[in-house]
Every structure is written in C-alpha cells, then in structure tokens.
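So this one's model.txt, compact mmCIF, C-alpha atoms and all ligand atoms:
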# COMPACT_ATOMS: atom_id res chain seq x y z
CA MET W 47 -1.99 -13.37 -23.26
CA ARG W 48 -2.50 -15.83 -20.45
CA ILE W 49 -2.43 -15.14 -16.70
CA GLY W 50 -2.67 -18.43 -14.85
CA PRO W 51 -5.83 -20.11 -16.12
CA HIS W 52 -7.17 -16.88 -17.67
CA LEU W 53 -6.79 -16.50 -21.39
CA LEU W 54 -7.17 -12.80 -22.24
CA GLU W 55 -8.73 -11.65 -25.51
CA ASN W 56 -5.95 -9.18 -26.25
CA ARG W 57 -2.96 -7.49 -24.63
CA LEU W 58 -4.71 -4.29 -23.67
CA LEU W 59 -4.86 -4.01 -19.87
CA LEU W 60 -5.86 -1.14 -17.63
CA ALA W 61 -3.12 -0.60 -15.03
CA PRO W 62 -4.11 -0.19 -11.40
CA MET W 63 -4.31 3.52 -10.65
CA ALA W 64 -5.20 4.90 -7.25
CA GLY W 65 -7.94 7.48 -7.58
CA VAL W 66 -8.51 6.60 -11.24
CA SER W 67 -9.35 2.94 -11.89
CA ASP W 68 -12.66 2.89 -10.04
CA ARG W 69 -15.56 0.79 -11.31
CA PRO W 70 -17.01 3.33 -13.78
CA PHE W 71 -13.57 3.87 -15.33
CA ARG W 72 -12.96 0.12 -15.50
CA GLN W 73 -16.29 -0.37 -17.22
CA ILE W 74 -15.53 2.29 -19.84
CA CYS W 75 -12.11 0.78 -20.49
CA ARG W 76 -13.64 -2.68 -20.95
CA GLN W 77 -16.21 -1.21 -23.34
CA LEU W 78 -13.38 0.41 -25.28
CA GLY W 79 -11.62 -2.92 -25.67
CA ALA W 80 -9.44 -3.59 -22.64
CA ALA W 81 -9.22 -7.34 -22.04
CA MET W 82 -8.63 -6.82 -18.34
CA THR W 83 -8.69 -4.03 -15.77
CA VAL W 84 -7.26 -3.87 -12.27
CA SER W 85 -9.05 -2.29 -9.33
CA GLU W 86 -7.74 0.57 -7.29
CA MET W 87 -5.67 -0.87 -4.48
CA VAL W 88 -7.24 -1.93 -1.24
CA SER W 89 -5.41 -2.19 2.03
CA ALA W 90 -4.59 -5.68 3.30
CA ASP W 91 -5.67 -4.44 6.71
CA THR W 92 -9.32 -5.46 6.74
CA THR W 93 -9.99 -3.34 9.84
CA LEU W 94 -9.70 -0.33 7.51
CA TRP W 95 -12.39 -1.56 5.14
CA GLY W 96 -15.29 0.15 6.89
CA THR W 97 -15.04 3.47 5.03
CA ARG W 98 -17.30 4.31 2.09
CA LYS W 99 -14.26 4.66 -0.11
CA SER W 100 -13.00 1.19 0.78
CA LEU W 101 -16.40 -0.40 0.34
CA ARG W 102 -16.68 1.10 -3.14
CA ARG W 103 -13.29 -0.35 -3.98
CA LEU W 104 -14.50 -3.81 -3.00
CA ASP W 105 -17.52 -3.66 -5.30
CA PHE W 106 -17.02 -5.60 -8.53
CA ARG W 107 -20.64 -6.42 -9.19
CA GLY W 108 -21.54 -6.81 -12.84
CA GLU W 109 -17.95 -6.58 -14.06
CA PRO W 110 -16.81 -8.95 -16.79
CA GLY W 111 -14.02 -11.27 -15.69
CA PRO W 112 -11.37 -11.86 -14.84
CA VAL W 113 -11.71 -9.38 -11.98
CA SER W 114 -8.27 -8.35 -10.75
CA VAL W 115 -7.78 -6.60 -7.43
CA GLN W 116 -4.71 -4.84 -6.17
CA ILE W 117 -3.78 -5.31 -2.52
CA LEU W 118 -1.38 -3.18 -0.54
CA GLY W 119 0.23 -4.53 2.59
CA ALA W 120 3.32 -5.92 4.20
CA GLU W 121 2.18 -8.78 6.42
CA PRO W 122 1.77 -12.07 4.54
CA ARG W 123 -1.01 -13.35 6.78
CA LYS W 124 -3.09 -10.19 6.42
CA MET W 125 -2.46 -10.15 2.68
CA ALA W 126 -3.61 -13.77 2.36
CA GLU W 127 -6.76 -13.02 4.34
CA ALA W 128 -7.51 -9.92 2.25
CA ALA W 129 -6.92 -11.97 -0.93
CA ARG W 130 -9.32 -14.69 0.27
CA ILE W 131 -12.07 -12.17 1.05
CA ASN W 132 -11.61 -10.50 -2.33
CA ALA W 133 -11.78 -13.89 -4.01
CA ASP W 134 -15.10 -14.48 -2.23
CA LEU W 135 -16.27 -11.10 -3.55
CA GLY W 136 -15.44 -12.13 -7.11
CA ALA W 137 -11.73 -11.43 -7.64
CA ARG W 138 -9.94 -14.01 -9.78
CA ILE W 139 -6.53 -12.35 -9.92
CA ILE W 140 -4.77 -10.70 -6.99
CA ASP W 141 -2.26 -8.02 -7.90
CA ILE W 142 0.22 -7.09 -5.17
CA ASN W 143 1.23 -3.44 -4.95
CA MET W 144 5.01 -3.41 -4.91
CA GLY W 145 5.48 0.33 -5.02
CA CYS W 146 4.08 3.17 -3.11
CA PRO W 147 0.82 4.98 -3.66
CA ALA W 148 0.93 7.61 -0.94
CA LYS W 149 3.83 9.48 -2.42
CA LYS W 150 4.30 12.10 0.29
CA VAL W 151 4.24 9.65 3.19
CA CYS W 152 6.50 7.27 1.32
CA ARG W 153 9.00 9.96 0.48
CA VAL W 154 9.26 10.97 4.14
CA ALA W 155 9.57 7.28 5.14
CA ALA W 156 12.34 6.68 2.59
CA ILE W 157 14.27 9.80 3.63
CA LEU W 158 13.94 8.97 7.32
CA HIS W 159 15.04 5.37 6.76
CA GLU W 160 18.17 6.53 5.00
CA HIS W 161 18.81 9.26 7.57
CA LEU W 162 18.57 6.72 10.41
CA GLN W 163 21.00 4.35 8.75
CA HIS W 164 23.50 7.20 8.40
CA LEU W 165 22.99 8.23 12.04
CA HIS W 166 23.52 4.65 13.25
CA ALA W 167 26.67 4.31 11.13
CA PHE W 168 28.08 7.73 12.06
CA HIS W 169 27.45 7.66 15.82
CA GLY W 170 27.63 3.89 16.26
CA ALA W 171 24.50 1.79 16.83
CA ARG W 172 24.24 2.45 20.59
CA HIS W 173 24.58 6.22 20.58
CA GLY W 174 23.06 6.57 17.10
CA VAL W 175 19.74 5.16 18.33
CA ARG W 176 19.56 7.89 20.98
CA VAL W 177 20.54 10.70 18.61
CA ALA W 178 18.01 9.42 16.10
CA ARG W 179 15.09 9.68 18.54
CA LYS W 180 14.77 13.45 18.29
CA HIS W 181 15.04 13.33 14.50
CA ILE W 182 12.29 10.71 14.39
CA ALA W 183 10.14 12.93 16.61
CA TRP W 184 10.56 15.82 14.17
CA TYR W 185 9.76 13.70 11.14
CA SER W 186 6.65 12.20 12.73
CA ARG W 187 5.22 15.21 14.55
CA ARG W 188 2.50 16.02 12.04
CA TYR W 189 1.19 12.47 11.63
CA PRO W 190 -1.70 10.88 13.55
CA GLY W 191 -0.63 8.33 16.14
CA GLY W 192 2.72 10.08 16.48
CA ALA W 193 2.68 10.15 20.29
CA THR W 194 2.25 6.37 20.68
CA PHE W 195 4.83 5.81 18.00
CA ARG W 196 7.38 8.07 19.73
CA LYS W 197 6.78 6.27 23.00
CA ALA W 198 7.66 2.97 21.32
CA ILE W 199 10.71 4.59 19.74
CA ASN W 200 11.90 5.89 23.11
CA GLN W 201 11.64 2.44 24.63
CA THR W 202 14.10 0.68 22.38
CA ASP W 203 17.89 0.84 22.38
CA CYS W 204 18.24 -1.45 19.40
CA ALA W 205 19.04 0.10 15.99
CA ARG W 206 17.37 -2.70 14.02
CA ARG W 207 14.24 -2.47 16.17
CA GLN W 208 14.18 1.31 15.75
CA LEU W 209 14.18 0.91 11.98
CA GLU W 210 11.42 -1.70 12.25
CA ILE W 211 9.17 0.49 14.39
CA VAL W 212 9.64 3.37 11.96
CA LYS W 213 8.85 1.13 9.00
CA ASP W 214 5.67 -0.23 10.64
CA PHE W 215 4.49 3.26 11.57
CA PHE W 216 4.82 4.60 8.03
CA GLN W 217 3.32 1.43 6.56
CA GLN W 218 0.24 1.95 8.72
CA LEU W 219 0.06 5.60 7.75
CA THR W 220 0.10 4.64 4.09
CA GLU W 221 -2.67 2.10 4.59
CA ARG W 222 -4.74 4.57 6.58
CA GLU W 223 -4.30 7.23 3.96
CA LEU W 224 -5.54 4.75 1.40
CA ALA W 225 -8.62 3.84 3.32
CA ALA W 226 -9.52 7.39 4.30
C1 LIG L 301 -2.51 8.37 -11.43
C2 LIG L 301 -1.76 7.08 -11.31
C3 LIG L 301 -2.01 6.25 -10.22
C4 LIG L 301 -1.33 5.04 -10.07
N1 LIG L 301 -1.62 4.25 -9.03
C5 LIG L 301 -1.04 3.03 -8.96
C6 LIG L 301 -1.41 2.13 -7.93
O1 LIG L 301 -2.24 2.40 -7.09
N2 LIG L 301 -0.80 0.93 -7.91
C7 LIG L 301 0.16 0.57 -8.83
O2 LIG L 301 0.67 -0.55 -8.76
N3 LIG L 301 0.51 1.40 -9.81
C8 LIG L 301 -0.07 2.60 -9.89
N4 LIG L 301 0.27 3.43 -10.91
C9 LIG L 301 1.23 2.96 -11.93
C10 LIG L 301 0.47 2.38 -13.12
O3 LIG L 301 -0.25 1.22 -12.71
C11 LIG L 301 1.42 1.96 -14.25
O4 LIG L 301 2.29 0.98 -13.80
C12 LIG L 301 2.24 3.12 -14.73
O5 LIG L 301 1.40 4.18 -15.09
C13 LIG L 301 3.12 2.72 -15.95
O6 LIG L 301 2.34 2.28 -16.97
P1 LIG L 301 2.32 3.08 -18.38
O7 LIG L 301 3.71 3.01 -18.88
O8 LIG L 301 1.34 2.32 -19.24
O9 LIG L 301 1.85 4.46 -18.02
C14 LIG L 301 -0.38 4.65 -11.05
C15 LIG L 301 -0.13 5.49 -12.16
C16 LIG L 301 -0.81 6.67 -12.27
C17 LIG L 301 -0.52 7.54 -13.49

Spell out the structure here as structure tokens.
Amino acid sequence: MRIGPHLLENRLLLAPMAGVSDRPFRQICRQLGAAMTVSEMVSADTTLWGTRKSLRRLDFRGEPGPVSVQILGAEPRKMAEAARINADLGARIIDINMGCPAKKVCRVAAILHEHLQHLHAFHGARHGVRVARKHIAWYSRRYPGGATFRKAINQTDCARRQLEIVKDFFQQLTERELAA
C-alpha cells in the first residue's frame, strides 16, 4: 500500500481512536505488525495545546515512520498551521477528522441544527430566528461560554447567521472537550 511517497510494508493500519491510540498503544500495534498507526486527534486550535493531554498527543518521539497525525478543525488556515507544526514535530501524514469524536456534544449540535432549520421554515426566516432564540438558550444552558454565545445569538436577525453562530459554538465546544 502506498500513501503519497510512503510505501507501507503491509495493509495493516491502526485507525485513529480518541482515548485509545495513544503512543504506548501505537507502539504495541507496530510491534505486533501494523505498518502504520494514526495518533489520537489533536485540535487544529493551537491555543488549546497547553494541556498535559494535548502535549502527550503531540509526542511522537521514537516512533517508527511514517508518523500520521489526526487533526480536528473547521478553519482551513488553523488546520494548515496545525499541520505545519505537527510536520515540524515529526508527522509525515496528516489525517483530517471528518466525523465527530465528542459524541454527546455532536448529537446535541446535530439535533439543534435540524430543529433550527425546521423553525426557520415553519415560522418564516424573520420570525423563526426570534422563536429559535429561546430554544437555543435551552440547548446551550449547560455548556461553558453559553452566556456570551446567547448574547451573540440575540444580536442577529439573520437565519443563516444564527445557524453559523450555533455551528461555531458547538465546534469550539468539541475542540475544548478534546483538549481538556
Ligand atoms: C473507541 C473509538 C474511538 C474512535 N475515535 C476516532 C477518532 O478520534 N477519529 C476518527 O477518525 N475515527 C475514530 N474512530 C473510528 C475508527 O478510526 C475506525 O474508523 C472505525 O472503528 C471503523 O474501523 P473498523 O471497521 O476497523 O472498526 C474511533 C473508533 C473507536 C472504536
């Protein structure tokens, strides 16, 4: 199997698994014959990299190549920057997380997104945005940063913008949860 310039010895790869594919597990899997392993995901938001957990995730010392790192994010510029830093730390393959690791947060985000679209369609964009505000407040009440988020939500009358603010808020929550 070939990935870009990397010719792998066999087709046995360790999938990226949050909370599982840490360095000791990757090392064991390589010893047992995996041709490549992928790190636990790291957030593309480098401001979240200060925690012990994140620092451990960025440690690939002594690992046989090609080192592959999974990055989670939504902003191309941040993702590129995170990829560059990981490449400096030894990564040769960057894997982009296309799903969702923080299942609970993501489920709430998905349900809310759908709910908002229905509210906008049912009440009409103008009125729907207003009706949606109290629902958004209920959905977000137990999350950190909820007050600032609700303030932003209350300041827009635009349905598309409302969806965007909600998406950004839950994206940040996911990344924070990851780095915690
Ligand atoms: C505990 C666990 C954690 C996972 N975490 C991630 C993850 O962080 N990123 C990702 O892309 N996939 C993640 N996955 C999905 C796996 O990488 C893989 O795609 C999935 O298990 C399907 O592969 P399989 O058919 O060999 O099991 C996770 C899977 C499990 C079981």

- Message: At a cut-off of 9 Å around ligand LIG 301 (chain L), and using only C-alpha atoms and all ligand atoms, what residues come up? Please write them as a PyMOL selection string.
- Response: chain W and resi 59-67+84-88+116-118+141-148

Students should find that atom CA of W:Leu58 and atom CA of W:Phe106 are spaced 19.6 Å

Counting only C-alpha atoms, the residue among W:Gln217, W:Gly111, W:Arg76, W:Arg196 that lies closest to W:His52 is W:Gly111

Discussion item. Could you check the closest approach to W:Arg188 for each of W:Asn200, W:Leu162, W:Val154, W:Val115 and tell me which residue wins, using all atoms listed in the file?
Written reply: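 Residue with the minimum atom-to-atom distance to W:Arg188: W:Val154.
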
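What separates atom CA of W:Gln77 from atom CA of W:Asp134 is a distance of 25.0 Å.
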
* Asked: atom CA of W:Lys124 and atom CA of W:Asp91 are how many Å apart?
  ->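 Atom-to-atom, atom CA of W:Lys124 to atom CA of W:Asp91, that is 6.3 Å.
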
Counting only C-alpha atoms, the residue among W:Leu53, W:Ile211, W:Leu135, W:Ala178 that lies closest to W:Thr194 is W:Ile211

Excluding W:Arg57 and residues on its chain fewer than 4 positions from it, collect all residues at most 9 Å away from it, counting all atoms listed in the file, and give them as a compact mmCIF listing (two decimals) with C-alpha atoms, keeping the file's coordinate frame.
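Wrote result_24.txt, looks like this:
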# COMPACT_ATOMS: atom_id res chain seq x y z
CA MET W 47 -1.99 -13.37 -23.26
CA ALA W 80 -9.44 -3.59 -22.64
CA ALA W 81 -9.22 -7.34 -22.04
CA MET W 82 -8.63 -6.82 -18.34

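Among the candidates W:Tyr189, W:Ile182, W:Phe195, W:Glu109, the residue lying nearest to W:Val151 is W:Tyr189 (atoms considered: only C-alpha atoms).
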
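Closest approach to W:Ala205 among W:His181, W:His173, W:Arg69, W:Arg187 is made by W:His173 (distances from only C-alpha atoms).
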
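Closest to W:Ala156 among W:Glu55, W:Lys213, W:Glu221, W:Ala90 is W:Lys213, based on all atoms listed in the file.
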
Give the centre and edge lengths of an axis-aligned box, in Å to one decimal, that holds all listed atoms of stretch 109-113 of chain W with 6 Å on each side, as AutoDock Vina command-line options.
--center_x -14.7 --center_y -9.2 --center_z -14.4 --size_x 18.6 --size_y 17.3 --size_z 16.8

With N, CA and C atoms as the goal, would you fill in the gaps in stretch 100-126 of chain W and present it as a short mmCIF file (atom, residue, chain, number, x, y, z; two decimals), keeping the file's coordinate frame?
data_model
loop_
_atom_site.label_atom_id
_atom_site.label_comp_id
_atom_site.auth_asym_id
_atom_site.auth_seq_id
_atom_site.Cartn_x
_atom_site.Cartn_y
_atom_site.Cartn_z
N SER W 100 -13.46 2.57 0.85
CA SER W 100 -13.00 1.19 0.78
C SER W 100 -14.09 0.26 0.27
N LEU W 101 -15.31 0.48 0.75
CA LEU W 101 -16.40 -0.40 0.34
C LEU W 101 -16.65 -0.29 -1.17
N ARG W 102 -16.51 0.93 -1.70
CA ARG W 102 -16.68 1.10 -3.14
C ARG W 102 -15.58 0.35 -3.90
N ARG W 103 -14.41 0.33 -3.31
CA ARG W 103 -13.29 -0.35 -3.98
C ARG W 103 -13.46 -1.87 -3.99
N LEU W 104 -14.31 -2.36 -3.09
CA LEU W 104 -14.50 -3.81 -3.00
C LEU W 104 -15.75 -4.26 -3.77
N ASP W 105 -16.27 -3.36 -4.59
CA ASP W 105 -17.52 -3.66 -5.30
C ASP W 105 -17.20 -3.95 -6.77
N PHE W 106 -17.31 -5.22 -7.13
CA PHE W 106 -17.02 -5.60 -8.53
C PHE W 106 -18.26 -6.14 -9.24
N ARG W 107 -19.42 -5.83 -8.63
CA ARG W 107 -20.64 -6.42 -9.19
C ARG W 107 -20.83 -6.05 -10.66
N GLY W 108 -21.21 -7.05 -11.44
CA GLY W 108 -21.54 -6.81 -12.84
C GLY W 108 -20.33 -6.64 -13.75
N GLU W 109 -19.13 -6.77 -13.21
CA GLU W 109 -17.95 -6.58 -14.06
C GLU W 109 -17.60 -7.87 -14.79
N PRO W 110 -17.23 -7.74 -16.08
CA PRO W 110 -16.81 -8.95 -16.79
C PRO W 110 -15.47 -9.42 -16.24
N GLY W 111 -15.25 -10.72 -16.25
CA GLY W 111 -14.02 -11.27 -15.69
C GLY W 111 -12.86 -11.20 -16.64
N PRO W 112 -11.68 -11.55 -16.22
CA PRO W 112 -11.37 -11.86 -14.84
C PRO W 112 -11.18 -10.58 -14.01
N VAL W 113 -11.85 -10.55 -12.86
CA VAL W 113 -11.71 -9.38 -11.98
C VAL W 113 -10.35 -9.46 -11.29
N SER W 114 -9.59 -8.38 -11.38
CA SER W 114 -8.27 -8.35 -10.75
C SER W 114 -8.23 -7.22 -9.71
N VAL W 115 -7.77 -7.55 -8.54
CA VAL W 115 -7.78 -6.60 -7.43
C VAL W 115 -6.37 -6.37 -6.94
N GLN W 116 -6.04 -5.12 -6.70
CA GLN W 116 -4.71 -4.84 -6.17
C GLN W 116 -4.77 -4.68 -4.65
N ILE W 117 -3.85 -5.35 -3.98
CA ILE W 117 -3.78 -5.31 -2.52
C ILE W 117 -2.47 -4.67 -2.09
N LEU W 118 -2.58 -3.82 -1.08
CA LEU W 118 -1.38 -3.18 -0.54
C LEU W 118 -1.19 -3.64 0.90
N GLY W 119 -0.02 -4.12 1.22
CA GLY W 119 0.23 -4.53 2.59
C GLY W 119 1.64 -5.05 2.74
N ALA W 120 1.97 -5.44 3.96
CA ALA W 120 3.32 -5.92 4.20
C ALA W 120 3.33 -7.25 4.97
N GLU W 121 2.21 -7.55 5.62
CA GLU W 121 2.18 -8.78 6.42
C GLU W 121 1.53 -9.91 5.63
N PRO W 122 2.29 -10.99 5.38
CA PRO W 122 1.77 -12.07 4.54
C PRO W 122 0.43 -12.63 4.99
N ARG W 123 0.24 -12.76 6.31
CA ARG W 123 -1.01 -13.35 6.78
C ARG W 123 -2.21 -12.46 6.47
N LYS W 124 -2.01 -11.15 6.71
CA LYS W 124 -3.09 -10.19 6.42
C LYS W 124 -3.37 -10.15 4.92
N MET W 125 -2.29 -10.21 4.13
CA MET W 125 -2.46 -10.15 2.68
C MET W 125 -3.24 -11.36 2.19
N ALA W 126 -2.91 -12.53 2.76
CA ALA W 126 -3.61 -13.77 2.36
C ALA W 126 -5.09 -13.67 2.72
#
